[in-house]
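Enquirer: Structure below; questions to follow.
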Amino acid sequence: MELFQSFYNPPFLPYPGFTLSYHLADEYFQRIHQIMSLLDDENVEIIGAMKKFGPRNLQSIARKSGVPYPTVYTRVNKLGTQGLLDTWTYPNLAKIGLARSMVLLTPSPGREVIASEALKIPGYWLWIARCTGECNGYYSQHAVPVENRQDFVQYLDQIVSSGLATSYRIFWLGDYHSHIPNFEYYDFKKRAWRFDWPAWLSLFMKGKSVQNVPEEKESSKDDFDKNDLLILKELMKDARKKLSELSQLIGMTLPAAKYRFDNLARRGFLQDYVIQVLPYPPEISDLYEVRLDFGEHKAMIAKENFFKRLPFVLNYSRIKGTNSITLRVYLPRTEVNNLLTLLSALVRGGAIDRFSYMLLDPMTIQSQTFHYKAFDDKSGWHYDNHEYLAALRKLASSFDKAEPPAVTFQPSKGLPVSMM
């Protein structure tokens with residue numbers, strides 16, 4: 001397992017949790033203008049082609065998008081170095097015997113920091129961030145061996161029993177679906193997004209009973225080995241990882257590495273190419289997890305394509321065993337009230353039964369690849385609750401016995417006030 005940037009750790013912020021000071025104001029607005037100015041026709045064509053055909057072959061992207069290769073190469077590198085574009089591969093976790101879950105953990109007062117460390121002990125965590133809203137604590141995602149799902153639930157029970165948390169909820173997730181922003185709602189001349197809330201409300205309310213909507217096929221575990229996992233975890237960090245680098249990593253020739261990669265792609269181990277674009281400046285935007293509960297399973301399935309049209313939905317997953325979908329939403333702060341108004345209207349109109357949401361703090365995000373080090377070609381995935389519970393007890397007892405940790409705050413700069 002290795003740490004990687006998921007979404008997002010803005011490289012241009014002077015420090016986490018900064019407060020805008022007077023001398024940063026020009027830089028602040030310049031940055032906002034810079035992000036919007038880079039969303040031009042050619043960049044959007046390139047981004048769209050990368051999502052549709054995959055981001056690995058820029059020469060193919062040039063042919064598909066109609067943009068000359070030197071321009072594609074320069075623009076992709078520029079967007080990447082400025083933190084506005086990131087590409088990575090989401091693996092089909094079910095095919096490698098892992099089940100993905102979403103955990104909402106409410107820590108006990110005063111034990112917030114140690115509670116997040118407890119979530120990491122088994123090693124199968126993917127994503128952790130502070131959250132407020134439906135849950136005031138931690139939002140996390142995990143990918144645990146399928147046969148150890150109940151063991152993982154028992155481990156979460158023990159986090160509560162140990163006094164590190166007061167409660168938790170766990171949801172098992174289906175396939176991961178990511179989108180690029182829908183640039184139909186972007187005005188290239190004005191460099192501005194159009195949020196057409198009345199139209200989206202009308203679109204969502206229409207067609208409540210759609211027939212013959214395909215079910216999401218659940219993947220089953222397939223044959224793979226440790227070298228396959230090494231390739232997948234590298235692609236999870238960087239979808240454009242060179243084959244020459246992969247061949248060195250697994251100790252094989254370049255043709256052998258290419259055969260491995262092509263075989264993984266052909267057999268469906270590469271579930272989704274994530275083309276992560278920053279459509280709005282993070283200084284004026286917020287990151288949310290939104291859950292929608294539908295009255296009927298058929299109604300939930302029928303509405304899935306609607307999420308692809310919204311320029312603020314980054315990804316979504318079905319919640320297994322329910323009629324619910326969870327969405328990752330990234331939205332300018334000034335539009336959040338309109339989002340809540342839309343969701344409330346959907347409940348009143350009977351399109352959904354209820355909704356809930358959490359604000360995710362991007363400056364607290366920690367992420368890593370799946371726990372590939374716990375896999376052995378002979379014995380499979382290693383999961384030992386006795387080992388993890390012993391580590392949890394040690395963590396809890398050491399916290400009780402230790403001196404209270406020094407209180408540290410993120411550095412901040414106040415906004416000076418001029419007397420007029």
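Note on naming: chains are A, B, ... as they come in the structure tokens, residues start from 1 per chain, ligands start from 1 in the order shown.
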Taking only segment 113-278 of chain A into account, list the residues labelled strand (DSSP E or B) by DSSP (computed from the backbone), as JSON, numbers by chain.

Expert: {"A": [125, 126, 127, 128, 129, 130, 131, 132, 133, 137, 138, 139, 140, 141, 142, 143, 144, 145, 165, 166, 167, 168, 169, 170, 171, 172, 173, 177, 178, 186, 187, 192, 193, 270, 271, 272, 273, 274, 275, 276, 277]}

Enquirer: Can you tell me, as a PyMOL selection string, which residues in segment 14-215 of chain A count as alpha helix (DSSP H) by DSSP?

Expert: chain A and resi 25-37+41-53+58-65+69-81+112-120+149-161+197-205

Enquirer: Which residue, A:Ala257, A:Ile159, A:Ile284, A:Val67, has the smallest gap to Ile121 of chain A when you use only C-alpha atoms?

Expert: A:Ile159

Enquirer: Between atom CA of Asp293 of chain A and atom CA of Ile352 of chain A, what distance in Å does the model show, to one decimal?

Expert: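 Taking atom CA of Asp293 of chain A and atom CA of Ile352 of chain A, their separation equals 5.9 Å.
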
Enquirer: Could you give me, as a list in words, the residues within 8 Å of Tyr155 of chain A, counting only C-alpha atoms and dropping anything in the same chain fewer than 4 positions from it?

Expert: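 Selected residues are Asp151, Ile159, Asn385, Tyr388 and Leu389 of chain A.
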
Enquirer: Choose the residue, out of A:Ile170, A:Ala302, A:Val277, A:Ala118, that has the smallest atom-to-atom separation from Ala390 of chain A; count only C-alpha atoms.

Expert: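 Among the listed residues, A:Ala118 lies closest to Ala390 of chain A.
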
Enquirer: Pick out the residues sitting within 7 Å of segment 104-116 of chain A, and hand them over as number ranges by chain; count only C-alpha atoms, and ignore anything fewer than 6 positions along from it in its own chain.

Expert: A: 135-140, 163-170

Enquirer: My list of candidates is A:Leu395, A:Met236, A:Leu201, A:Met363. Which is closest to Leu339 of chain A when distances are computed with only C-alpha atoms?

Expert: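 Among the listed residues, A:Leu201 lies closest to Leu339 of chain A.
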
Enquirer: Which is closest to Gly268 of chain A among A:Phe294, A:Trp88, A:Phe224, A:Tyr186, if we use only C-alpha atoms?

Expert: A:Phe224

Enquirer: Which one is closest to Asp228 of chain A: A:Gln248, A:Gln368, A:Asn263, A:Ser356? Count only C-alpha atoms.

Expert: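 Among the listed residues, A:Asn263 lies closest to Asp228 of chain A.
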
Enquirer: Rank nothing, just name the residue among A:Arg149, A:His142, A:Arg130, A:Lys378 nearest to Glu289 of chain A, using only C-alpha atoms.

Expert: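 Comparing A:Arg149, A:His142, A:Arg130, A:Lys378 against Glu289 of chain A, the winner is A:Arg130.
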
Enquirer: If we count only C-alpha atoms and set the cut-off at 10 Å, which residues sit around Leu230 of chain A, ignoring sequence neighbours fewer than 6 positions away in its own chain? Please answer as a VMD selection string.

Expert: chain A and resid 1 236 246 249 to 250 372 to 373

Enquirer: Where does segment 213-289 of chain A meet segment 316-337 of chain A within 7 Å, residue by residue, with the nearest atom pair and distance in Å to one decimal for each, counting only C-alpha atoms, listed by chain and rising number, as a Markdown table?

Expert:
| residue | atom | partner | partner_atom | distance |
| --- | --- | --- | --- | --- |
| A:Tyr280 | CA | A:Pro332 | CA | 6.7 |
| A:Ile284 | CA | A:Pro332 | CA | 5.8 |
| A:Ser285 | CA | A:Pro332 | CA | 4.0 |
| A:Asp286 | CA | A:Leu331 | CA | 5.6 |
| A:Leu287 | CA | A:Tyr330 | CA | 4.6 |
| A:Tyr288 | CA | A:Val329 | CA | 5.0 |
| A:Glu289 | CA | A:Arg328 | CA | 4.8 |

Enquirer: Those residues with N, CA and C atoms, as a CSV table (one decimal), in the first residue's frame please?

Expert:
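selection-v2.csv, freshly written:
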chain,number,residue,atom,x,y,z
A,280,TYR,N,-13.4,24.2,-10.7
A,280,TYR,CA,-13.6,25.4,-10.0
A,280,TYR,C,-12.5,25.6,-9.0
A,284,ILE,N,-12.8,28.7,-3.4
A,284,ILE,CA,-14.1,29.2,-3.3
A,284,ILE,C,-15.1,28.0,-3.5
A,285,SER,N,-14.6,26.7,-3.3
A,285,SER,CA,-15.4,25.6,-3.5
A,285,SER,C,-15.4,24.6,-2.3
A,286,ASP,N,-16.3,23.7,-2.2
A,286,ASP,CA,-16.4,22.7,-1.1
A,286,ASP,C,-16.6,21.3,-1.7
A,287,LEU,N,-16.2,20.3,-0.9
A,287,LEU,CA,-16.3,18.9,-1.3
A,287,LEU,C,-17.3,18.2,-0.4
A,288,TYR,N,-18.2,17.5,-1.0
A,288,TYR,CA,-19.3,16.9,-0.2
A,288,TYR,C,-19.4,15.4,-0.6
A,289,GLU,N,-19.9,14.6,0.3
A,289,GLU,CA,-20.5,13.3,0.0
A,289,GLU,C,-22.0,13.4,0.3
